[in-house]
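model00.cif (mmCIF, all heavy atoms)
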```
data_protein
loop_
_atom_site.label_atom_id
_atom_site.label_comp_id
_atom_site.auth_asym_id
_atom_site.auth_seq_id
_atom_site.Cartn_x
_atom_site.Cartn_y
_atom_site.Cartn_z
N MET P 1 16.47 -0.32 -7.75
CA MET P 1 15.28 -1.13 -8.00
C MET P 1 14.12 -0.56 -7.20
O MET P 1 14.21 -0.39 -5.99
CB MET P 1 15.54 -2.57 -7.58
CG MET P 1 14.39 -3.51 -7.93
SD MET P 1 14.81 -5.18 -7.41
CE MET P 1 13.65 -6.10 -8.37
N ALA P 2 13.03 -0.29 -7.88
CA ALA P 2 11.89 0.34 -7.21
C ALA P 2 11.04 -0.68 -6.48
O ALA P 2 10.97 -1.85 -6.85
CB ALA P 2 11.03 1.08 -8.24
N PHE P 3 10.41 -0.20 -5.42
CA PHE P 3 9.45 -1.02 -4.69
C PHE P 3 8.05 -0.75 -5.25
O PHE P 3 7.72 0.39 -5.57
CB PHE P 3 9.46 -0.65 -3.20
CG PHE P 3 10.72 -1.07 -2.50
CD1 PHE P 3 11.83 -0.24 -2.50
CD2 PHE P 3 10.79 -2.29 -1.85
CE1 PHE P 3 12.99 -0.62 -1.85
CE2 PHE P 3 11.95 -2.68 -1.20
CZ PHE P 3 13.06 -1.84 -1.20
N THR P 4 7.27 -1.80 -5.38
CA THR P 4 5.91 -1.61 -5.88
C THR P 4 4.91 -2.29 -4.95
O THR P 4 5.24 -3.24 -4.24
CB THR P 4 5.74 -2.21 -7.28
OG1 THR P 4 6.01 -3.60 -7.25
CG2 THR P 4 6.65 -1.54 -8.28
N TYR P 5 3.71 -1.77 -4.99
CA TYR P 5 2.63 -2.34 -4.18
C TYR P 5 1.33 -2.17 -4.94
O TYR P 5 1.12 -1.15 -5.59
CB TYR P 5 2.52 -1.60 -2.84
CG TYR P 5 1.25 -1.91 -2.10
CD1 TYR P 5 1.19 -2.98 -1.21
CD2 TYR P 5 0.11 -1.16 -2.30
CE1 TYR P 5 0.02 -3.28 -0.54
CE2 TYR P 5 -1.07 -1.44 -1.64
CZ TYR P 5 -1.11 -2.50 -0.76
OH TYR P 5 -2.26 -2.80 -0.10
N ALA P 6 0.46 -3.19 -4.88
CA ALA P 6 -0.87 -3.08 -5.47
C ALA P 6 -1.88 -3.71 -4.52
O ALA P 6 -1.64 -4.80 -4.00
CB ALA P 6 -0.92 -3.78 -6.82
N CYS P 7 -2.97 -3.00 -4.26
CA CYS P 7 -4.00 -3.54 -3.38
C CYS P 7 -4.48 -4.90 -3.87
O CYS P 7 -4.75 -5.80 -3.08
CB CYS P 7 -5.18 -2.58 -3.30
SG CYS P 7 -4.86 -1.14 -2.29
N SER P 8 -4.57 -5.06 -5.18
CA SER P 8 -5.10 -6.30 -5.75
C SER P 8 -4.17 -7.49 -5.52
O SER P 8 -4.55 -8.62 -5.75
CB SER P 8 -5.37 -6.11 -7.24
OG SER P 8 -4.18 -5.76 -7.91
N ASP P 9 -2.94 -7.22 -5.06
CA ASP P 9 -2.03 -8.32 -4.75
C ASP P 9 -2.43 -9.06 -3.49
O ASP P 9 -1.96 -10.17 -3.23
CB ASP P 9 -0.60 -7.79 -4.57
CG ASP P 9 0.03 -7.41 -5.88
OD1 ASP P 9 -0.52 -7.78 -6.93
OD2 ASP P 9 1.06 -6.74 -5.86
N TYR P 10 -3.29 -8.40 -2.69
CA TYR P 10 -3.66 -8.99 -1.41
C TYR P 10 -5.05 -9.58 -1.44
O TYR P 10 -6.04 -8.85 -1.55
CB TYR P 10 -3.57 -7.93 -0.30
CG TYR P 10 -2.15 -7.57 0.01
CD1 TYR P 10 -1.51 -6.57 -0.70
CD2 TYR P 10 -1.45 -8.27 0.98
CE1 TYR P 10 -0.18 -6.25 -0.44
CE2 TYR P 10 -0.12 -7.97 1.24
CZ TYR P 10 0.50 -6.96 0.54
OH TYR P 10 1.81 -6.67 0.78
N PRO P 11 -5.17 -10.90 -1.35
CA PRO P 11 -6.47 -11.56 -1.32
C PRO P 11 -7.25 -11.06 -0.11
O PRO P 11 -6.68 -10.83 0.95
CB PRO P 11 -6.15 -13.05 -1.16
CG PRO P 11 -4.71 -13.19 -1.44
CD PRO P 11 -4.07 -11.86 -1.23
N GLY P 12 -8.55 -10.91 -0.28
CA GLY P 12 -9.36 -10.47 0.83
C GLY P 12 -9.56 -8.97 0.86
O GLY P 12 -10.44 -8.47 1.56
N MET P 13 -8.73 -8.24 0.13
CA MET P 13 -8.92 -6.81 0.00
C MET P 13 -10.13 -6.54 -0.89
O MET P 13 -10.36 -7.27 -1.85
CB MET P 13 -7.73 -6.20 -0.73
CG MET P 13 -6.77 -5.40 0.04
SD MET P 13 -7.35 -4.56 1.45
CE MET P 13 -5.80 -4.46 2.21
N ALA P 14 -10.85 -5.48 -0.59
CA ALA P 14 -11.89 -5.06 -1.51
C ALA P 14 -11.22 -4.74 -2.84
O ALA P 14 -10.09 -4.29 -2.88
CB ALA P 14 -12.59 -3.83 -0.97
N PRO P 15 -11.92 -5.02 -3.95
CA PRO P 15 -11.33 -4.72 -5.26
C PRO P 15 -10.89 -3.26 -5.31
O PRO P 15 -11.67 -2.38 -5.00
CB PRO P 15 -12.49 -4.98 -6.23
CG PRO P 15 -13.33 -5.99 -5.54
CD PRO P 15 -13.24 -5.63 -4.07
N CYS P 16 -9.66 -3.06 -5.66
CA CYS P 16 -9.11 -1.70 -5.63
C CYS P 16 -8.03 -1.62 -6.68
O CYS P 16 -7.24 -2.56 -6.86
CB CYS P 16 -8.53 -1.42 -4.25
SG CYS P 16 -7.80 0.21 -4.09
N LEU P 17 -7.98 -0.49 -7.38
CA LEU P 17 -6.97 -0.30 -8.42
C LEU P 17 -5.74 0.41 -7.89
O LEU P 17 -4.86 0.78 -8.65
CB LEU P 17 -7.58 0.51 -9.58
CG LEU P 17 -8.73 -0.18 -10.31
CD1 LEU P 17 -9.27 0.74 -11.39
CD2 LEU P 17 -8.29 -1.50 -10.92
N GLY P 18 -5.69 0.59 -6.57
CA GLY P 18 -4.55 1.27 -5.97
C GLY P 18 -3.24 0.58 -6.29
O GLY P 18 -3.11 -0.63 -6.08
N ARG P 19 -2.29 1.34 -6.82
CA ARG P 19 -1.00 0.76 -7.20
C ARG P 19 0.05 1.84 -7.05
O ARG P 19 -0.13 2.96 -7.51
CB ARG P 19 -1.09 0.28 -8.65
CG ARG P 19 0.16 -0.40 -9.17
CD ARG P 19 -0.05 -0.86 -10.60
NE ARG P 19 -1.07 -1.91 -10.68
CZ ARG P 19 -0.81 -3.20 -10.51
NH1 ARG P 19 0.42 -3.60 -10.28
NH2 ARG P 19 -1.77 -4.09 -10.58
N PHE P 20 1.16 1.50 -6.43
CA PHE P 20 2.15 2.52 -6.13
C PHE P 20 3.56 2.02 -6.41
O PHE P 20 3.84 0.83 -6.28
CB PHE P 20 2.08 2.92 -4.65
CG PHE P 20 0.69 3.26 -4.23
CD1 PHE P 20 -0.11 2.31 -3.61
CD2 PHE P 20 0.16 4.51 -4.50
CE1 PHE P 20 -1.41 2.61 -3.25
CE2 PHE P 20 -1.14 4.82 -4.15
CZ PHE P 20 -1.93 3.87 -3.52
N THR P 21 4.42 2.94 -6.76
CA THR P 21 5.83 2.63 -6.95
C THR P 21 6.65 3.71 -6.26
O THR P 21 6.32 4.89 -6.33
CB THR P 21 6.19 2.61 -8.45
OG1 THR P 21 5.36 1.65 -9.10
CG2 THR P 21 7.64 2.24 -8.66
N ALA P 22 7.69 3.31 -5.57
CA ALA P 22 8.55 4.27 -4.88
C ALA P 22 9.99 3.77 -4.90
O ALA P 22 10.24 2.59 -5.11
CB ALA P 22 8.07 4.48 -3.45
N GLU P 23 10.91 4.69 -4.66
CA GLU P 23 12.32 4.34 -4.70
C GLU P 23 12.76 3.57 -3.45
O GLU P 23 13.71 2.80 -3.49
CB GLU P 23 13.17 5.60 -4.85
CG GLU P 23 13.03 6.25 -6.22
CD GLU P 23 13.45 5.31 -7.34
OE1 GLU P 23 14.54 4.71 -7.22
OE2 GLU P 23 12.68 5.16 -8.30
N THR P 24 12.07 3.81 -2.34
CA THR P 24 12.43 3.13 -1.10
C THR P 24 11.20 2.51 -0.46
O THR P 24 10.07 2.95 -0.70
CB THR P 24 13.05 4.10 -0.09
OG1 THR P 24 12.05 5.02 0.35
CG2 THR P 24 14.22 4.86 -0.69
N GLU P 25 11.42 1.51 0.36
CA GLU P 25 10.30 0.84 1.02
C GLU P 25 9.58 1.81 1.96
O GLU P 25 8.36 1.78 2.09
CB GLU P 25 10.82 -0.37 1.80
CG GLU P 25 9.69 -1.24 2.32
CD GLU P 25 10.21 -2.51 2.96
OE1 GLU P 25 11.42 -2.60 3.22
OE2 GLU P 25 9.39 -3.40 3.19
N VAL P 26 10.34 2.64 2.65
CA VAL P 26 9.74 3.61 3.57
C VAL P 26 8.81 4.55 2.82
O VAL P 26 7.70 4.82 3.26
CB VAL P 26 10.84 4.41 4.30
CG1 VAL P 26 10.23 5.58 5.07
CG2 VAL P 26 11.61 3.50 5.24
N GLU P 27 9.27 5.04 1.68
CA GLU P 27 8.46 5.96 0.89
C GLU P 27 7.22 5.25 0.37
O GLU P 27 6.12 5.82 0.36
CB GLU P 27 9.29 6.50 -0.28
CG GLU P 27 8.57 7.57 -1.08
CD GLU P 27 9.41 8.07 -2.25
OE1 GLU P 27 10.63 7.81 -2.26
OE2 GLU P 27 8.84 8.70 -3.14
N LEU P 28 7.39 4.01 -0.03
CA LEU P 28 6.26 3.22 -0.52
C LEU P 28 5.19 3.10 0.56
O LEU P 28 4.00 3.28 0.29
CB LEU P 28 6.75 1.84 -0.95
CG LEU P 28 5.65 0.89 -1.45
CD1 LEU P 28 4.99 1.45 -2.69
CD2 LEU P 28 6.24 -0.48 -1.75
N TRP P 29 5.62 2.81 1.78
CA TRP P 29 4.64 2.64 2.86
C TRP P 29 3.92 3.94 3.18
O TRP P 29 2.77 3.94 3.60
CB TRP P 29 5.31 2.04 4.09
CG TRP P 29 5.31 0.56 3.96
CD1 TRP P 29 6.32 -0.22 3.47
CD2 TRP P 29 4.21 -0.33 4.24
NE1 TRP P 29 5.91 -1.54 3.43
CE2 TRP P 29 4.64 -1.63 3.90
CE3 TRP P 29 2.91 -0.14 4.73
CZ2 TRP P 29 3.79 -2.75 4.04
CZ3 TRP P 29 2.09 -1.25 4.87
CH2 TRP P 29 2.53 -2.53 4.54
N GLU P 30 4.57 5.06 2.98
CA GLU P 30 3.89 6.35 3.17
C GLU P 30 2.75 6.48 2.17
O GLU P 30 1.66 6.94 2.50
CB GLU P 30 4.88 7.51 3.01
CG GLU P 30 5.87 7.57 4.16
CD GLU P 30 6.88 8.68 3.98
OE1 GLU P 30 6.86 9.37 2.95
OE2 GLU P 30 7.72 8.83 4.89
N HIS P 31 2.99 6.06 0.94
CA HIS P 31 1.94 6.08 -0.08
C HIS P 31 0.80 5.14 0.29
O HIS P 31 -0.37 5.48 0.17
CB HIS P 31 2.51 5.66 -1.44
CG HIS P 31 3.37 6.68 -2.09
ND1 HIS P 31 2.91 7.91 -2.49
CD2 HIS P 31 4.69 6.64 -2.42
CE1 HIS P 31 3.91 8.59 -3.04
NE2 HIS P 31 4.98 7.85 -3.01
N ILE P 32 1.16 3.96 0.75
CA ILE P 32 0.16 2.96 1.10
C ILE P 32 -0.72 3.44 2.24
O ILE P 32 -1.95 3.33 2.20
CB ILE P 32 0.84 1.63 1.48
CG1 ILE P 32 1.55 1.03 0.27
CG2 ILE P 32 -0.20 0.65 2.04
CD1 ILE P 32 2.48 -0.13 0.62
N GLU P 33 -0.09 3.99 3.26
CA GLU P 33 -0.85 4.45 4.42
C GLU P 33 -1.80 5.58 4.05
O GLU P 33 -2.94 5.62 4.50
CB GLU P 33 0.11 4.89 5.53
CG GLU P 33 0.81 3.69 6.16
CD GLU P 33 1.86 4.11 7.17
OE1 GLU P 33 1.95 5.31 7.49
OE2 GLU P 33 2.59 3.23 7.65
N LEU P 34 -1.32 6.49 3.23
CA LEU P 34 -2.17 7.60 2.80
C LEU P 34 -3.32 7.09 1.95
O LEU P 34 -4.47 7.49 2.13
CB LEU P 34 -1.33 8.61 2.01
CG LEU P 34 -2.11 9.85 1.52
CD1 LEU P 34 -2.68 10.61 2.70
CD2 LEU P 34 -1.20 10.75 0.71
N HIS P 35 -3.03 6.19 1.05
CA HIS P 35 -4.07 5.60 0.21
C HIS P 35 -5.11 4.88 1.05
O HIS P 35 -6.31 5.00 0.81
CB HIS P 35 -3.44 4.60 -0.77
CG HIS P 35 -4.44 3.72 -1.45
ND1 HIS P 35 -5.26 4.18 -2.46
CD2 HIS P 35 -4.77 2.43 -1.24
CE1 HIS P 35 -6.05 3.18 -2.82
NE2 HIS P 35 -5.78 2.11 -2.10
N ALA P 36 -4.66 4.14 2.05
CA ALA P 36 -5.59 3.39 2.91
C ALA P 36 -6.55 4.34 3.61
O ALA P 36 -7.75 4.06 3.72
CB ALA P 36 -4.80 2.56 3.92
N LEU P 37 -6.02 5.43 4.10
CA LEU P 37 -6.86 6.41 4.79
C LEU P 37 -7.86 7.04 3.84
O LEU P 37 -9.04 7.18 4.16
CB LEU P 37 -5.98 7.50 5.41
CG LEU P 37 -5.23 7.07 6.67
CD1 LEU P 37 -4.21 8.14 7.04
CD2 LEU P 37 -6.20 6.87 7.82
N VAL P 38 -7.40 7.43 2.65
CA VAL P 38 -8.23 8.15 1.70
C VAL P 38 -9.22 7.24 1.00
O VAL P 38 -10.41 7.53 0.90
CB VAL P 38 -7.35 8.87 0.65
CG1 VAL P 38 -8.22 9.48 -0.44
CG2 VAL P 38 -6.51 9.94 1.33
N ALA P 39 -8.74 6.09 0.51
CA ALA P 39 -9.56 5.23 -0.34
C ALA P 39 -10.33 4.18 0.45
O ALA P 39 -11.39 3.74 0.03
CB ALA P 39 -8.68 4.55 -1.39
N HIS P 40 -9.77 3.76 1.60
CA HIS P 40 -10.41 2.69 2.36
C HIS P 40 -10.96 3.16 3.69
O HIS P 40 -11.64 2.41 4.38
CB HIS P 40 -9.41 1.56 2.59
CG HIS P 40 -8.90 0.93 1.32
ND1 HIS P 40 -9.51 -0.12 0.71
CD2 HIS P 40 -7.83 1.24 0.53
CE1 HIS P 40 -8.84 -0.44 -0.39
NE2 HIS P 40 -7.82 0.37 -0.53
N GLY P 41 -10.63 4.37 4.09
CA GLY P 41 -11.16 4.91 5.33
C GLY P 41 -10.52 4.29 6.56
O GLY P 41 -11.03 4.44 7.67
N GLU P 42 -9.42 3.61 6.38
CA GLU P 42 -8.71 2.97 7.50
C GLU P 42 -7.34 2.55 6.99
O GLU P 42 -6.99 2.87 5.87
CB GLU P 42 -9.48 1.74 7.97
CG GLU P 42 -9.75 0.75 6.84
CD GLU P 42 -10.63 -0.40 7.31
OE1 GLU P 42 -10.52 -0.77 8.48
OE2 GLU P 42 -11.38 -0.92 6.51
N ASP P 43 -6.58 1.80 7.78
CA ASP P 43 -5.32 1.33 7.22
C ASP P 43 -5.11 -0.17 7.45
O ASP P 43 -4.27 -0.60 8.20
CB ASP P 43 -4.12 2.16 7.68
CG ASP P 43 -3.86 2.02 9.16
OD1 ASP P 43 -4.72 1.48 9.85
OD2 ASP P 43 -2.80 2.45 9.60
N PRO P 44 -5.90 -0.96 6.73
CA PRO P 44 -5.78 -2.41 6.80
C PRO P 44 -4.46 -2.91 6.22
O PRO P 44 -3.99 -3.98 6.57
CB PRO P 44 -6.97 -2.92 5.98
CG PRO P 44 -7.23 -1.81 5.02
CD PRO P 44 -6.91 -0.56 5.78
N HIS P 45 -3.87 -2.15 5.33
CA HIS P 45 -2.66 -2.57 4.66
C HIS P 45 -1.52 -2.80 5.66
O HIS P 45 -0.69 -3.67 5.47
CB HIS P 45 -2.21 -1.51 3.65
CG HIS P 45 -3.22 -1.22 2.60
ND1 HIS P 45 -4.41 -0.60 2.87
CD2 HIS P 45 -3.22 -1.48 1.28
CE1 HIS P 45 -5.09 -0.50 1.74
NE2 HIS P 45 -4.41 -1.01 0.75
N ARG P 46 -1.50 -2.00 6.69
CA ARG P 46 -0.43 -2.13 7.67
C ARG P 46 -0.49 -3.52 8.30
O ARG P 46 0.53 -4.15 8.53
CB ARG P 46 -0.59 -1.05 8.75
CG ARG P 46 0.49 -1.12 9.79
CD ARG P 46 0.19 -0.19 10.93
NE ARG P 46 0.31 1.22 10.53
CZ ARG P 46 1.46 1.89 10.56
NH1 ARG P 46 2.56 1.30 10.94
NH2 ARG P 46 1.51 3.17 10.22
N VAL P 47 -1.69 -3.97 8.60
CA VAL P 47 -1.89 -5.28 9.23
C VAL P 47 -1.56 -6.40 8.24
O VAL P 47 -0.89 -7.36 8.57
CB VAL P 47 -3.34 -5.43 9.73
CG1 VAL P 47 -3.56 -6.83 10.28
CG2 VAL P 47 -3.63 -4.38 10.78
N VAL P 48 -2.03 -6.23 7.01
CA VAL P 48 -1.86 -7.27 6.00
C VAL P 48 -0.40 -7.38 5.57
O VAL P 48 0.14 -8.47 5.45
CB VAL P 48 -2.74 -6.97 4.77
CG1 VAL P 48 -2.41 -7.97 3.64
CG2 VAL P 48 -4.21 -7.10 5.15
N GLY P 49 0.23 -6.25 5.35
CA GLY P 49 1.56 -6.24 4.74
C GLY P 49 2.70 -6.49 5.71
O GLY P 49 3.77 -6.88 5.33
N ARG P 50 2.48 -6.22 6.98
CA ARG P 50 3.57 -6.35 7.93
C ARG P 50 3.21 -7.29 9.05
O ARG P 50 2.85 -6.86 10.09
CB ARG P 50 3.87 -4.96 8.56
CG ARG P 50 4.53 -4.05 7.57
CD ARG P 50 5.97 -4.42 7.31
NE ARG P 50 6.75 -3.21 7.03
CZ ARG P 50 8.04 -3.25 6.75
NH1 ARG P 50 8.70 -4.36 6.72
NH2 ARG P 50 8.69 -2.13 6.52
ZN ZN O 1 -6.60 0.26 -2.06
#
```
Just give me the structure as structure tokens.
Amino acid sequence: MAFTYACSDYPGMAPCLGRFTAETEVELWEHIELHALVAHGEDPHRVVGR
């Protein structure tokens, strides 16, 4: 079962079409962290999601 994440799932996030799917939660978080750095210029997801 794949893990999925979408920025739009989190209220308070700036509107974002970021959406990721990975085989493991660890891999998924690597995608999220990279996306946060590239698309948001920081990593708010770490605070929100964990
Ligand atoms: Zn995003």
- Interatomic distance (Å, one decimal) between atom N of Ala22 (chain P) and atom C of Tyr5 (chain P):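 Between these atoms lies a distance of 8.4 Å.
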With a cut-off of 4 Å, could you pull out the residues of chain P touching ligand ZN 1 (chain O) and give me the nearest pair of atoms for each, distance in Å to one decimal, using all atoms listed in the file, ordered by chain and ascending number, as JSON lines?
```
{"residue": "P:Cys7", "atom": "SG", "partner": "O:ZN1", "partner_atom": "ZN", "distance": 2.2}
{"residue": "P:Cys16", "atom": "SG", "partner": "O:ZN1", "partner_atom": "ZN", "distance": 2.4}
{"residue": "P:His35", "atom": "NE2", "partner": "O:ZN1", "partner_atom": "ZN", "distance": 2.0}
{"residue": "P:His40", "atom": "NE2", "partner": "O:ZN1", "partner_atom": "ZN", "distance": 2.0}
{"residue": "P:His45", "atom": "NE2", "partner": "O:ZN1", "partner_atom": "ZN", "distance": 3.8}
```
- Find the distance between CA of Ala2 (chain P) and CA of Glu25 (chain P) and write it in Å to one decimal.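 Answer for the CA of Ala2 (chain P) to CA of Glu25 (chain P) separation: 8.4 Å.
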- Task: Calculate how many Å separate atom C of Thr21 (chain P) from atom O of Ala6 (chain P), rounding to one decimal.
- Result: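 For atom C of Thr21 (chain P) relative to atom O of Ala6 (chain P), the distance reads 12.1 Å.
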- Task: Pick out the closest residue to Ala39 (chain P) from this set: P:Pro11, P:Gly18, P:Phe3, P:Glu23. Count only C-alpha atoms.
- Result: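 For Ala39 (chain P), the nearest of the given residues is P:Gly18.
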